[in-house]
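Shown here: structure15.pdb, PDB, C-alpha atoms and all ligand atoms.
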```
ATOM      1  CA  MET U  22       9.826  39.710 -33.691
ATOM      2  CA  ARG U  23      10.555  42.937 -35.506
ATOM      3  CA  GLU U  24      13.592  41.865 -37.476
ATOM      4  CA  LEU U  25      13.810  39.301 -40.226
ATOM      5  CA  ALA U  26      17.306  38.439 -38.990
ATOM      6  CA  LEU U  27      15.711  36.932 -35.869
ATOM      7  CA  ASN U  28      13.360  34.859 -38.019
ATOM      8  CA  ILE U  29      16.404  33.666 -39.930
ATOM      9  CA  LEU U  30      18.150  32.718 -36.684
ATOM     10  CA  ASP U  31      15.117  30.688 -35.658
ATOM     11  CA  ILE U  32      15.022  28.821 -38.967
ATOM     12  CA  ALA U  33      18.767  28.148 -38.777
ATOM     13  CA  GLU U  34      18.281  26.827 -35.240
ATOM     14  CA  ASN U  35      15.828  24.293 -36.644
ATOM     15  CA  SER U  36      18.575  23.169 -39.032
ATOM     16  CA  LEU U  37      21.051  22.830 -36.167
ATOM     17  CA  ALA U  38      18.503  20.902 -34.104
ATOM     18  CA  ALA U  39      18.090  18.611 -37.116
ATOM     19  CA  GLY U  40      21.805  17.801 -36.900
ATOM     20  CA  ALA U  41      22.859  19.637 -40.051
ATOM     21  CA  LYS U  42      26.552  19.550 -40.956
ATOM     22  CA  LEU U  43      26.123  22.312 -43.506
ATOM     23  CA  VAL U  44      23.631  25.164 -43.318
ATOM     24  CA  THR U  45      23.320  27.328 -46.418
ATOM     25  CA  LEU U  46      21.822  30.789 -46.079
ATOM     26  CA  SER U  47      21.166  32.838 -49.184
ATOM     27  CA  LEU U  48      19.730  36.297 -49.342
ATOM     28  CA  TRP U  49      18.982  37.771 -52.724
ATOM     29  CA  ALA U  50      17.465  41.195 -53.267
ATOM     30  CA  ASP U  51      16.643  43.203 -56.346
ATOM     31  CA  PHE U  52      15.170  46.677 -55.950
ATOM     32  CA  ALA U  53      14.126  46.982 -59.594
ATOM     33  CA  SER U  54      11.700  44.084 -59.169
ATOM     34  CA  ASP U  55      10.955  44.964 -55.501
ATOM     35  CA  THR U  56      11.874  41.400 -54.549
ATOM     36  CA  MET U  57      13.896  39.889 -51.735
ATOM     37  CA  ARG U  58      14.340  36.167 -51.256
ATOM     38  CA  ILE U  59      15.714  34.429 -48.179
ATOM     39  CA  ARG U  60      16.554  30.771 -48.423
ATOM     40  CA  ILE U  61      17.884  28.353 -45.814
ATOM     41  CA  ASP U  62      18.945  24.852 -46.832
ATOM     42  CA  ASP U  63      20.318  22.145 -44.583
ATOM     43  CA  ASP U  64      21.502  18.573 -44.764
ATOM     44  CA  GLY U  65      19.915  17.630 -41.451
ATOM     45  CA  CYS U  66      17.490  14.813 -40.637
ATOM     46  CA  GLY U  67      14.608  16.210 -42.674
ATOM     47  CA  MET U  68      10.940  15.580 -42.050
ATOM     48  CA  ASP U  69       8.432  13.002 -43.115
ATOM     49  CA  GLU U  70       5.525  14.015 -45.308
ATOM     50  CA  GLU U  71       3.080  14.183 -42.411
ATOM     51  CA  THR U  72       5.247  16.564 -40.334
ATOM     52  CA  LEU U  73       5.974  18.661 -43.381
ATOM     53  CA  GLN U  74       2.263  19.138 -43.983
ATOM     54  CA  LYS U  75       1.804  20.387 -40.438
ATOM     55  CA  VAL U  76       4.847  22.603 -39.808
ATOM     56  CA  THR U  77       3.475  25.856 -41.081
ATOM     57  CA  ASP U  78       0.480  25.435 -38.795
ATOM     58  CA  PRO U  79       1.326  27.083 -35.422
ATOM     59  CA  PHE U  80      -0.271  24.247 -33.476
ATOM     60  CA  THR U  81       2.405  21.759 -34.498
ATOM     61  CA  THR U  82       5.753  21.231 -32.815
ATOM     62  CA  SER U  83       8.003  18.381 -31.740
ATOM     63  CA  ARG U  84       8.922  20.283 -28.578
ATOM     64  CA  LYS U  85       7.613  18.844 -25.380
ATOM     65  CA  THR U  86       7.976  22.009 -23.313
ATOM     66  CA  ARG U  87       5.560  24.101 -25.319
ATOM     67  CA  SER U  88       2.718  23.057 -27.560
ATOM     68  CA  VAL U  89       3.228  25.675 -30.237
ATOM     69  CA  GLY U  90       6.183  25.874 -32.620
ATOM     70  CA  MET U  91       6.354  29.360 -34.038
ATOM     71  CA  GLY U  92       9.548  29.545 -36.092
ATOM     72  CA  LEU U  93       8.175  28.403 -39.433
ATOM     73  CA  PRO U  94       4.691  29.966 -39.128
ATOM     74  CA  LEU U  95       6.223  33.367 -38.279
ATOM     75  CA  PHE U  96       8.703  33.174 -41.130
ATOM     76  CA  LYS U  97       5.893  32.234 -43.521
ATOM     77  CA  TYR U  98       3.741  35.083 -42.247
ATOM     78  CA  SER U  99       6.592  37.603 -42.546
ATOM     79  CA  ALA U 100       6.748  36.898 -46.274
ATOM     80  CA  GLU U 101       3.070  36.421 -47.107
ATOM     81  CA  SER U 102       2.024  39.592 -45.296
ATOM     82  CA  THR U 103       4.104  41.556 -47.838
ATOM     83  CA  GLY U 104       2.396  39.942 -50.809
ATOM     84  CA  GLY U 105       5.325  37.562 -51.169
ATOM     85  CA  CYS U 106       5.352  33.806 -50.800
ATOM     86  CA  PHE U 107       6.796  30.966 -48.770
ATOM     87  CA  SER U 108       7.790  27.415 -49.532
ATOM     88  CA  ILE U 109       9.292  24.514 -47.659
ATOM     89  CA  SER U 110      10.486  21.175 -48.902
ATOM     90  CA  SER U 111      12.045  18.361 -46.946
ATOM     91  CA  GLU U 112      13.132  14.797 -47.362
ATOM     92  CA  LYS U 113      13.616  12.434 -44.440
ATOM     93  CA  GLY U 114      17.326  11.673 -44.057
ATOM     94  CA  LYS U 115      18.336  14.223 -46.700
ATOM     95  CA  GLY U 116      17.534  17.719 -45.468
ATOM     96  CA  THR U 117      15.223  20.673 -45.607
ATOM     97  CA  SER U 118      14.883  23.844 -47.694
ATOM     98  CA  VAL U 119      12.904  26.880 -46.636
ATOM     99  CA  CYS U 120      12.358  29.878 -48.889
ATOM    100  CA  ALA U 121      10.585  33.170 -48.203
ATOM    101  CA  GLU U 122      10.016  35.866 -50.801
ATOM    102  CA  TYR U 123       9.166  39.475 -49.917
ATOM    103  CA  ARG U 124       7.988  42.611 -51.665
ATOM    104  CA  ILE U 125      10.785  44.883 -50.422
ATOM    105  CA  GLY U 126       8.775  48.108 -50.423
ATOM    106  CA  HIS U 127       5.618  46.702 -48.823
ATOM    107  CA  ILE U 128       4.570  48.586 -45.702
ATOM    108  CA  ASP U 129       4.375  45.359 -43.686
ATOM    109  CA  ARG U 130       7.845  44.145 -44.572
ATOM    110  CA  MET U 131       9.944  43.933 -41.452
ATOM    111  CA  PRO U 132      13.461  45.347 -41.689
ATOM    112  CA  LEU U 133      16.227  42.817 -42.122
ATOM    113  CA  GLY U 134      17.863  43.986 -38.904
ATOM    114  CA  ASP U 135      21.211  42.731 -37.666
ATOM    115  CA  LEU U 136      21.884  39.990 -40.185
ATOM    116  CA  GLY U 137      25.625  40.286 -39.577
ATOM    117  CA  GLY U 138      25.148  39.729 -35.855
ATOM    118  CA  VAL U 139      22.989  36.677 -36.505
ATOM    119  CA  VAL U 140      25.493  35.186 -38.960
ATOM    120  CA  LEU U 141      28.344  35.786 -36.518
ATOM    121  CA  GLN U 142      26.403  34.228 -33.661
ATOM    122  CA  MET U 143      25.504  31.141 -35.696
ATOM    123  CA  ILE U 144      29.108  30.633 -36.771
ATOM    124  CA  ALA U 145      30.724  31.284 -33.390
ATOM    125  CA  MET U 146      28.224  29.217 -31.397
ATOM    126  CA  ASN U 147      28.388  26.203 -33.707
ATOM    127  CA  PRO U 148      32.027  25.633 -34.624
ATOM    128  CA  GLN U 149      31.303  22.010 -35.643
ATOM    129  CA  THR U 150      28.731  23.050 -38.228
ATOM    130  CA  ASP U 151      29.660  24.641 -41.529
ATOM    131  CA  PHE U 152      27.840  27.656 -42.907
ATOM    132  CA  LEU U 153      27.723  28.911 -46.442
ATOM    133  CA  VAL U 154      26.292  32.417 -46.507
ATOM    134  CA  THR U 155      25.616  34.239 -49.751
ATOM    135  CA  VAL U 156      24.255  37.773 -49.835
ATOM    136  CA  GLU U 157      23.425  39.489 -53.097
ATOM    137  CA  CYS U 158      21.738  42.836 -53.670
ATOM    138  CA  ASP U 159      21.331  44.537 -57.041
ATOM    139  CA  GLY U 160      24.135  42.427 -58.482
ATOM    140  CA  LYS U 161      26.608  43.040 -55.639
ATOM    141  CA  LYS U 162      27.514  39.766 -54.002
ATOM    142  CA  GLY U 163      29.424  38.436 -51.014
ATOM    143  CA  VAL U 164      30.080  34.848 -49.926
ATOM    144  CA  LEU U 165      31.213  33.518 -46.577
ATOM    145  CA  ASP U 166      32.092  29.842 -46.362
ATOM    146  CA  THR U 167      33.274  28.557 -42.981
ATOM    147  CA  ARG U 168      34.901  25.571 -44.713
ATOM    148  CA  GLU U 169      37.256  27.997 -46.466
ATOM    149  CA  ILE U 170      37.838  30.025 -43.304
ATOM    150  CA  LYS U 171      38.672  26.867 -41.341
ATOM    151  CA  GLU U 172      41.156  25.859 -43.998
ATOM    152  CA  ILE U 173      42.907  29.237 -43.742
ATOM    153  CA  LEU U 174      42.854  29.190 -39.931
ATOM    154  CA  GLY U 175      44.241  25.662 -39.686
ATOM    155  CA  GLU U 176      44.502  24.775 -35.990
ATOM    156  CA  ILE U 177      43.062  28.083 -34.788
ATOM    157  CA  PRO U 178      39.443  27.596 -33.682
ATOM    158  CA  LEU U 179      36.619  29.641 -35.208
ATOM    159  CA  ASP U 180      35.232  30.583 -31.815
ATOM    160  CA  MET U 181      38.489  32.150 -30.576
ATOM    161  CA  PRO U 182      37.848  35.787 -29.491
ATOM    162  CA  GLU U 183      40.320  37.261 -32.011
ATOM    163  CA  VAL U 184      38.785  35.298 -34.855
ATOM    164  CA  ARG U 185      35.336  36.304 -33.747
ATOM    165  CA  ALA U 186      36.353  39.979 -33.662
ATOM    166  CA  PHE U 187      37.842  39.712 -37.130
ATOM    167  CA  LEU U 188      34.736  37.983 -38.502
ATOM    168  CA  LYS U 189      32.488  40.579 -36.917
ATOM    169  CA  ASP U 190      34.194  43.441 -38.772
ATOM    170  CA  TYR U 191      34.565  41.420 -41.957
ATOM    171  CA  ILE U 192      30.876  40.488 -42.081
ATOM    172  CA  ARG U 193      29.706  43.984 -41.186
ATOM    173  CA  GLU U 194      31.907  45.690 -43.789
ATOM    174  CA  ASN U 195      30.758  43.287 -46.475
ATOM    175  CA  LEU U 196      27.079  43.704 -45.698
ATOM    176  CA  VAL U 197      27.444  47.491 -45.660
ATOM    177  CA  SER U 198      29.053  47.451 -49.088
ATOM    178  CA  ILE U 199      26.442  45.032 -50.484
ATOM    179  CA  TYR U 200      23.189  46.575 -49.279
ATOM    180  CA  GLY U 201      24.107  49.323 -46.806
ATOM    181  CA  GLY U 202      21.076  50.142 -44.685
ATOM    182  CA  ARG U 203      18.637  49.591 -47.520
ATOM    183  CA  LEU U 204      17.174  46.268 -46.411
TER     184      LEU U 204
HETATM  185  N1  LIG P   1      15.249  22.165 -40.815
HETATM  186  C1  LIG P   1      14.493  21.249 -40.223
HETATM  187  N2  LIG P   1      14.828  19.938 -40.243
HETATM  188  C2  LIG P   1      14.063  19.010 -39.642
HETATM  189  N3  LIG P   1      12.913  19.276 -38.985
HETATM  190  C3  LIG P   1      12.521  20.556 -38.935
HETATM  191  C4  LIG P   1      13.273  21.609 -39.549
HETATM  192  N4  LIG P   1      12.618  22.778 -39.349
HETATM  193  C5  LIG P   1      11.518  22.473 -38.643
HETATM  194  N5  LIG P   1      11.453  21.145 -38.375
HETATM  195  C6  LIG P   1      10.379  20.464 -37.641
HETATM  196  O1  LIG P   1       9.266  21.315 -37.645
HETATM  197  C7  LIG P   1       8.877  21.651 -36.305
HETATM  198  C8  LIG P   1       8.360  23.062 -36.271
HETATM  199  O2  LIG P   1       9.418  24.015 -36.387
HETATM  200  P1  LIG P   1       9.211  25.479 -35.835
HETATM  201  O3  LIG P   1      10.486  26.234 -35.975
HETATM  202  O4  LIG P   1       8.014  26.074 -36.480
HETATM  203  O5  LIG P   1       8.861  25.258 -34.316
HETATM  204  P2  LIG P   1       9.819  24.639 -33.180
HETATM  205  O6  LIG P   1      11.252  24.662 -33.640
HETATM  206  O7  LIG P   1       9.254  23.333 -32.793
HETATM  207  O8  LIG P   1       9.616  25.690 -32.001
HETATM  208  P3  LIG P   1      10.175  27.211 -31.958
HETATM  209  O9  LIG P   1      10.825  27.503 -33.283
HETATM  210  O10 LIG P   1       8.977  28.057 -31.697
HETATM  211  O11 LIG P   1      11.158  27.236 -30.863
HETATM  212  C9  LIG P   1      10.113  21.402 -35.481
HETATM  213  O12 LIG P   1       9.778  21.092 -34.144
HETATM  214  C10 LIG P   1      10.758  20.219 -36.198
HETATM  215  O13 LIG P   1      10.149  19.005 -35.813
HETATM  216 MG    MG P   2      12.104  26.432 -34.554
END
```
Mind converting the file's structure to structure tokens?
Ligand SMILES: Nc1ncnc2c1ncn2[C@@H]1O[C@H](COP(=O)(O)OP(=O)(O)OP(=O)(O)O)[C@@H](O)[C@H]1O
Ligand SMILES: [Mg+2]
Amino acid sequence: MRELALNILDIAENSLAAGAKLVTLSLWADFASDTMRIRIDDDGCGMDEETLQKVTDPFTTSRKTRSVGMGLPLFKYSAESTGGCFSISSEKGKGTSVCAEYRIGHIDRMPLGDLGGVVLQMIAMNPQTDFLVTVECDGKKGVLDTREIKEILGEIPLDMPEVRAFLKDYIRENLVSIYGGRL
């Protein structure tokens, strides 16, 4: 994986697999303090204490097809290898929060990559799930809330091609104006 956006997609897929109704993605970056924080919260099934202790160890997974779950360990590594930090908290039946903090200018920090594409894919592929996406960089902020979009669209489905095309441009334009190519 060479893009943090793909790590984010993997973490969001965990939330979807956990049956989340709302997935909240927040990206916050501040160049003055050389800090970027990526946080994913969900209201899915959560994990018990024992699983939670094991999930950042690559030899733990609930998948039967493969013995190694890599989503969380890779996300953790992506942050820690920049001198940043990682945390995860979870409560059975309540949900899970994952947070990774990066030193933006560190040589080992992977580029953010196509965050817009990942957000669009998550939204269009999971019309039953709501997403609240907040992106903030040096005080410039944008928010996308599918609950609001659905209210505006009424009967029109989120995964309709025209809606998807509109969202694609909307997300891209917003991300360009918030952080341009700087992350
Ligand atoms: N948001 C979440 N809610 C509930 N359980 C989770 C969540 N995220 C991770 N888990 C649990 O932690 C395990 C490890 O997750 P991780 O993403 O590291 O690997 P994986 O999803 O099993 O496999 P991979 O991501 O490599 O396809 C999952 O199998 C799941 O049991
Ligand atoms: Mg996973």
At a cut-off of 7 Å around ligand MG 2 (chain P), and using all atoms listed in the file, what residues come up? Please write them as a PyMOL selection string. chain U and resi 31-32+34-35+90-93
Now that the selection is made, can you save its residues with C-alpha atoms as a PDB file, in the frame of the given file?
```
ATOM      1  CA  ASP U  31      15.117  30.688 -35.658  1.00  0.00           C
ATOM      2  CA  ILE U  32      15.022  28.821 -38.967  1.00  0.00           C
ATOM      3  CA  GLU U  34      18.281  26.827 -35.240  1.00  0.00           C
ATOM      4  CA  ASN U  35      15.828  24.293 -36.644  1.00  0.00           C
ATOM      5  CA  GLY U  90       6.183  25.874 -32.620  1.00  0.00           C
ATOM      6  CA  MET U  91       6.354  29.360 -34.038  1.00  0.00           C
ATOM      7  CA  GLY U  92       9.548  29.545 -36.092  1.00  0.00           C
ATOM      8  CA  LEU U  93       8.175  28.403 -39.433  1.00  0.00           C
TER       9      LEU U  93
END
```
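Separating atom CA of Ala38 of chain U from atom CA of Asp166 of chain U is a distance of 20.4 Å.
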Among U:Ile199, U:Ala50, U:Gln149, U:Asp64, Gly116 of chain U is approached most closely, using all atoms listed in the file, by U:Asp64
Per-residue nearest contacts segment 37-94 of chain U to segment 125-128 of chain U, cut-off 9 Å, using only C-alpha atoms, as JSON lines:
```
{"residue": "U:Ala50", "atom": "CA", "partner": "U:Ile125", "partner_atom": "CA", "distance": 8.1}
{"residue": "U:Asp51", "atom": "CA", "partner": "U:Ile125", "partner_atom": "CA", "distance": 8.5}
{"residue": "U:Phe52", "atom": "CA", "partner": "U:Ile125", "partner_atom": "CA", "distance": 7.3}
{"residue": "U:Ser54", "atom": "CA", "partner": "U:Ile125", "partner_atom": "CA", "distance": 8.8}
{"residue": "U:Asp55", "atom": "CA", "partner": "U:Ile125", "partner_atom": "CA", "distance": 5.1}
{"residue": "U:Thr56", "atom": "CA", "partner": "U:Ile125", "partner_atom": "CA", "distance": 5.5}
{"residue": "U:Met57", "atom": "CA", "partner": "U:Ile125", "partner_atom": "CA", "distance": 6.0}
```
Which residues would end up in the selection if the PyMOL selection byres (((not hetatm)) within 8 of (chain P and resi 1)) were applied here, given that I need the answer as a VMD selection string? chain U and resid 31 to 39 62 to 63 65 to 68 72 to 73 76 to 79 81 to 84 87 89 to 95 111 116 to 119
Explicit residue set for the PyMOL selection byres (((chain U and resi 47) around 8) and not hetatm), as an MDAnalysis selection string: chainID U and resid 45:46 48:49 58:61 154:156
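Between atom CA of Lys113 of chain U and atom CA of Leu30 of chain U the separation is 22.2 Å.
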Anything within 7 Å of (10.3, 35.8, -47.7): list those residues as a short mmCIF file (atom, residue, chain, number, x, y, z; two decimals) with C-alpha atoms, in the frame of the given file, counting only C-alpha atoms and sticking to the file's coordinates.
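Below is the file that was written, part.cif:
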```
data_model
loop_
_atom_site.label_atom_id
_atom_site.label_comp_id
_atom_site.auth_asym_id
_atom_site.auth_seq_id
_atom_site.Cartn_x
_atom_site.Cartn_y
_atom_site.Cartn_z
CA MET U 57 13.90 39.89 -51.74
CA ARG U 58 14.34 36.17 -51.26
CA ILE U 59 15.71 34.43 -48.18
CA SER U 99 6.59 37.60 -42.55
CA ALA U 100 6.75 36.90 -46.27
CA GLY U 105 5.32 37.56 -51.17
CA CYS U 106 5.35 33.81 -50.80
CA PHE U 107 6.80 30.97 -48.77
CA CYS U 120 12.36 29.88 -48.89
CA ALA U 121 10.58 33.17 -48.20
CA GLU U 122 10.02 35.87 -50.80
CA TYR U 123 9.17 39.48 -49.92
#
```
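Using all atoms listed in the file, the smallest distance between any of U:Glu70, U:Phe152, U:Glu24, U:Gly201 and Lys171 of chain U comes from U:Phe152.
Atom pair atom CA of Met131 of chain U / atom CA of Thr103 of chain U has a distance of 9.0 Å (rounded to one decimal).
Nearest to Arg185 of chain U of all the residues U:Leu27, U:Gly160, U:Arg168, U:Pro148 is U:Pro148, based on all atoms listed in the file.
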